[in-house]
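Asks: Could you have a look at this structure, given as structure tokens, before my questions?
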Amino acid sequence: MRASTTYQAYNLWGGYDLYQGPRRHEALRARVVSFDRPYDREQGAADFFAEEQPLLSDAERLGLPLAYLSSVDLDLDPQALDGARAVVSEAHDEYWSPGMRAALTRARDRGVNLAFLGANEIYRRIRLGSSPLGPDRIEVNYRNPREDPLYGIDNALVTANWPAPPAADPASSLTGQVYACAAAPAPLVVTDPDGWIWAGTGARPGMRLPGLIGHEFDTVDLSQPTPRPIEILARSPQTCAGSGRAVPADVTYYVAASGAGVLNAGTDTPVRHTRCPGLGTGSRDACGVASPYLSRSPSPARRAGRHRRPGGA
């Protein structure tokens with residue numbers, strides 16, 4: 001699933017995006033951006049070649065049954081995921097409307113496996129509107145809820161961050177993790193080599209996979225809504241830039257009541273490293289994500305008839 005709404009948030013074509021305006025002043029940033037303009041990155045491809053193409057190339061090479069859609073499709077069509085076996089949210093998938101999130105949650109609750117192969121997902125709440133060219137061509141994000149004209153009128157649609165008031169609903173209830181912070185890239189540390197995603201890779205306890213924790217990462221925070229039990233497959237020590245706060249970067253997996261498995265890589269770097277340094281390159285991907293996950297239904301834990309959770313919570 002292409003993270004189109006996030007690409008648009010960072011699209012500086014015309015001098016404005018949701019982060020900055022003229023002379024790169026944050027105070028002059030746009031609150032509304034339009035899909036009726038080209039992307040300014042990768043010669044109009046947004047971040048496709050950096051964030052998506054490596055994973056798609058491997059999935060197609062493996063002969064997996066694939067279908068493609070954009071994040072906007074979830075808002076346009078609540079039934080867009082009907083018949084899906086699994087849904088992959090790639091890389092940096094930060095901006096979500098209530099309709100998008102509801103469609104993905106319904107899919108999980110019907111038994112559709114989910115894989116979040118990024119960090120900071122479902123963090124900015126947006127709403128989509130029509131332009132003269134059609135529906136869902138306008139993306140709105142005030143960020144400060146009191147700036148939003150819907151504040152106090154329809155708080156469920158106010159474009160604050162998902163974890164923040166006035167209608168706080170952290171992504172962890174779906175993804176299993178919360179956004180932690182930005183930090184320097186670091187090795188990923190294997191915690192549970194018996195976890196199914198490591199099968200056949202030669203992973204060992206404490207093995208460090210260089211460069212697989214990226215600039216931003218997620219973490220398990222049991223004080224927030226979190227599915228239980230949740231298995232921690234990798235936990236990597238990190239230090240937040242600026243604050244110096246120590247917080248782990250996690251890779252997690254849980255099984256929903258529907259039997260759907262939900263994998264969260266917790267960082268976007270594995271999309272660019274579908275063969276991980278330090279692991280073997282046998283008949284399956286070394287990072288252990290794409291092939292077994294997308295080709296199984298129901299989830300691996302449901303098929304095995306049990307849910308192991310060493311290192312879990």
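Here, A, B, ... name the chains of the structure tokens in the order displayed, residue numbers run from 1 inside each chain, and ligands are numbered from 1 in the same displayed order.
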As a ChimeraX atom specification, list the residues of segment 23-243 of chain A assigned to strand (DSSP E) by DSSP on the backbone atoms of this structure.

Replies: /A:32-34,86-90,95-96,113-117,124-125,127-131,134-140,178-182,186-189,208-213,216-219,231-239

Asks: Tell me which protein, DNA and RNA residues are within 12 Å of Ser131 of chain A, counting only C-alpha atoms, leaving out same-chain ones fewer than 5 positions away, and put them as a list in words.

Replies: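 The contact residues come out as Val32, Val33, Ser34, Phe35, Asp36, Arg37, Asp136, Arg137, Ile138 and Glu139 of chain A.
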
Asks: Would you pick out the contacts of Ala80 of chain A at 9 Å or less, using only C-alpha atoms, so that residues sharing its chain but fewer than 5 positions from it are not included, and give the list as a PyMOL selection string?

Replies: chain A and resi 69+73-75+103

Asks: I need the residues from that last selection saved to file as an mmCIF file, in the first residue's frame (with N, CA, C and O atoms), if you can.

Replies:
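Generated file (result.cif):
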data_model
loop_
_atom_site.group_PDB
_atom_site.id
_atom_site.type_symbol
_atom_site.label_atom_id
_atom_site.label_comp_id
_atom_site.auth_asym_id
_atom_site.auth_seq_id
_atom_site.Cartn_x
_atom_site.Cartn_y
_atom_site.Cartn_z
ATOM 1 N N LEU A 69 -2.474 -0.659 -4.083
ATOM 2 C CA LEU A 69 -3.402 0.449 -3.877
ATOM 3 C C LEU A 69 -2.667 1.526 -3.102
ATOM 4 O O LEU A 69 -1.578 1.312 -2.556
ATOM 5 N N ASP A 73 -6.969 5.225 -1.300
ATOM 6 C CA ASP A 73 -8.005 4.256 -1.667
ATOM 7 C C ASP A 73 -8.778 3.762 -0.456
ATOM 8 O O ASP A 73 -9.968 3.451 -0.558
ATOM 9 N N LEU A 74 -8.116 3.680 0.698
ATOM 10 C CA LEU A 74 -8.808 3.225 1.905
ATOM 11 C C LEU A 74 -9.874 4.210 2.339
ATOM 12 O O LEU A 74 -10.896 3.818 2.916
ATOM 13 N N ASP A 75 -9.640 5.493 2.096
ATOM 14 C CA ASP A 75 -10.622 6.512 2.455
ATOM 15 C C ASP A 75 -11.753 6.565 1.434
ATOM 16 O O ASP A 75 -12.917 6.739 1.789
ATOM 17 N N ALA A 103 -10.808 1.411 7.890
ATOM 18 C CA ALA A 103 -10.782 0.358 6.878
ATOM 19 C C ALA A 103 -9.735 -0.694 7.213
ATOM 20 O O ALA A 103 -9.974 -1.900 7.068
#

Asks: Using only C-alpha atoms, determine which residues lie at most 12 Å from Asp154 of chain A, disregarding the query and same-chain residues fewer than 5 positions distant; provide the list as a list in words.

Replies: Arg127, Pro145, Asp148, Pro149, Thr159, Pro166 and Ala167 of chain A

Asks: Restricting it to N, CA and C atoms, dump the selection as an mmCIF file, in the first residue's frame.

Replies:
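Listing of part30.cif after writing:
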data_model
loop_
_atom_site.group_PDB
_atom_site.id
_atom_site.type_symbol
_atom_site.label_atom_id
_atom_site.label_comp_id
_atom_site.auth_asym_id
_atom_site.auth_seq_id
_atom_site.Cartn_x
_atom_site.Cartn_y
_atom_site.Cartn_z
ATOM 1 N N ARG A 127 -7.787 14.843 7.401
ATOM 2 C CA ARG A 127 -9.043 14.569 6.712
ATOM 3 C C ARG A 127 -8.841 14.955 5.248
ATOM 4 N N PRO A 145 -4.827 21.488 17.365
ATOM 5 C CA PRO A 145 -6.273 21.258 17.249
ATOM 6 C C PRO A 145 -7.100 22.535 17.365
ATOM 7 N N ASP A 148 -8.042 24.211 14.133
ATOM 8 C CA ASP A 148 -8.948 23.499 13.236
ATOM 9 C C ASP A 148 -10.373 24.020 13.438
ATOM 10 N N PRO A 149 -11.043 24.441 12.369
ATOM 11 C CA PRO A 149 -12.411 24.961 12.523
ATOM 12 C C PRO A 149 -13.410 23.934 13.033
ATOM 13 N N THR A 159 -7.849 17.594 13.260
ATOM 14 C CA THR A 159 -6.585 17.044 12.761
ATOM 15 C C THR A 159 -5.424 17.294 13.725
ATOM 16 N N PRO A 166 -8.140 16.414 20.940
ATOM 17 C CA PRO A 166 -9.317 16.135 21.764
ATOM 18 C C PRO A 166 -9.929 14.748 21.578
ATOM 19 N N ALA A 167 -9.433 13.944 20.675
ATOM 20 C CA ALA A 167 -9.986 12.598 20.475
ATOM 21 C C ALA A 167 -8.827 11.618 20.374
#

Asks: With distances taken over only C-alpha atoms, which residue among A:Asp82, A:Asp58, A:Asp169, A:Asp250 lies nearest Thr267 of chain A?

Replies: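 When distances to Thr267 of chain A are compared using only C-alpha atoms, the smallest one comes from A:Asp250.
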
Asks: Give me the residues near Pro170 of chain A as a count of residues only, where near means some atom within 12 Å (using only C-alpha atoms) and where sequence neighbours in that chain fewer than 5 positions away do not count.

Replies: 26

Asks: Would you please work out which residue, of A:Asp109, A:Met1, A:His215, A:Ala30, is nearest to Gln53 of chain A when using only C-alpha atoms?

Replies: A:Met1

Asks: Fewer than 6 positions away in the same chain doesn't count, so skip those; otherwise give me all residues within 10 Å of Leu28 of chain A, counting only C-alpha atoms, as a list in words.

Replies: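 Counting only the stated atoms, we get Tyr16, Asp17, Leu18, Tyr19, Gln20, Gly21 and Pro22 of chain A.
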
Asks: Please identify which residues in segment 225-277 of chain A DSSP calls helix (DSSP H, G or I) from the backbone, and express them as a PyMOL selection string.

Replies: chain A and resi 269-272

Asks: Take the residues from that selection and write them out as a compact mmCIF listing (two decimals), in the first residue's frame, keeping C-alpha atoms.

Replies:
# COMPACT_ATOMS: atom_id res chain seq x y z
CA THR A 269 15.15 0.70 7.15
CA PRO A 270 14.30 -3.01 6.51
CA VAL A 271 12.36 -2.00 3.37
CA ARG A 272 15.68 -0.92 1.89

Asks: Please report the interatomic distance between atom CA of Leu114 of chain A and atom CA of Val262 of chain A in Å with one decimal.

Replies: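 Here the two named atoms are 4.7 Å from each other.
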
Asks: Between A:Ile232, A:Val88, A:Ala168, A:Leu81, which is the closest to Pro193 of chain A once you count only C-alpha atoms?

Replies: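 Smallest distance to Pro193 of chain A is found for A:Ile232.
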
Asks: For atom CA of Leu56 of chain A and atom CA of Arg110 of chain A, quote the distance in Å rounded to one decimal.

Replies: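 Atom CA of Leu56 of chain A sits 25.1 Å away from atom CA of Arg110 of chain A.
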
Asks: Just the number, please: distance in Å from atom CA of Gly152 of chain A to atom CA of Pro132 of chain A, one decimal.

Replies: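 Interatomic distance here is 28.6 Å.
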
Asks: Report as a tab-separated table the residues of segment 192-228 of chain A within 12 Å of segment 183-188 of chain A, each with its shortest atom pair and distance in Å (one decimal), using only C-alpha atoms, ordered by chain and increasing residue number.

Replies:
residue	atom	partner	partner_atom	distance
A:Ala203	CA	A:Leu188	CA	11.5
A:Pro205	CA	A:Leu188	CA	11.5
A:Gly206	CA	A:Leu188	CA	9.2
A:Met207	CA	A:Leu188	CA	8.0
A:Arg208	CA	A:Leu188	CA	5.5
A:Leu209	CA	A:Leu188	CA	5.0
A:Pro210	CA	A:Pro187	CA	4.2
A:Gly211	CA	A:Pro187	CA	5.0
A:Leu212	CA	A:Leu188	CA	5.4
A:Ile213	CA	A:Ala186	CA	5.0
A:Gly214	CA	A:Pro185	CA	4.7
A:His215	CA	A:Ala183	CA	5.3
A:Glu216	CA	A:Ala183	CA	6.3
A:Phe217	CA	A:Ala183	CA	8.0
A:Asp218	CA	A:Ala183	CA	11.1

Asks: List as a list in words the protein and nucleic acid residues near Pro237 of chain A, meaning an atom at most 8 Å away when only C-alpha atoms are counted, but skip any in the same chain fewer than 3 places from it.

Replies: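 The contact residues come out as Ala246, Val247, Pro248 and Ala249 of chain A.
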
Asks: Which one is closest to Val72 of chain A: A:Gly111, A:Pro135, A:Gly118, A:Pro229? Count only C-alpha atoms.

Replies: A:Pro135

Asks: Between A:Asp93, A:Arg146, A:Tyr39, A:Ser71, which has the minimum distance to Leu128 of chain A (counting only C-alpha atoms)?

Replies: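 The shortest atom-to-atom distance to Leu128 of chain A comes from A:Ser71.
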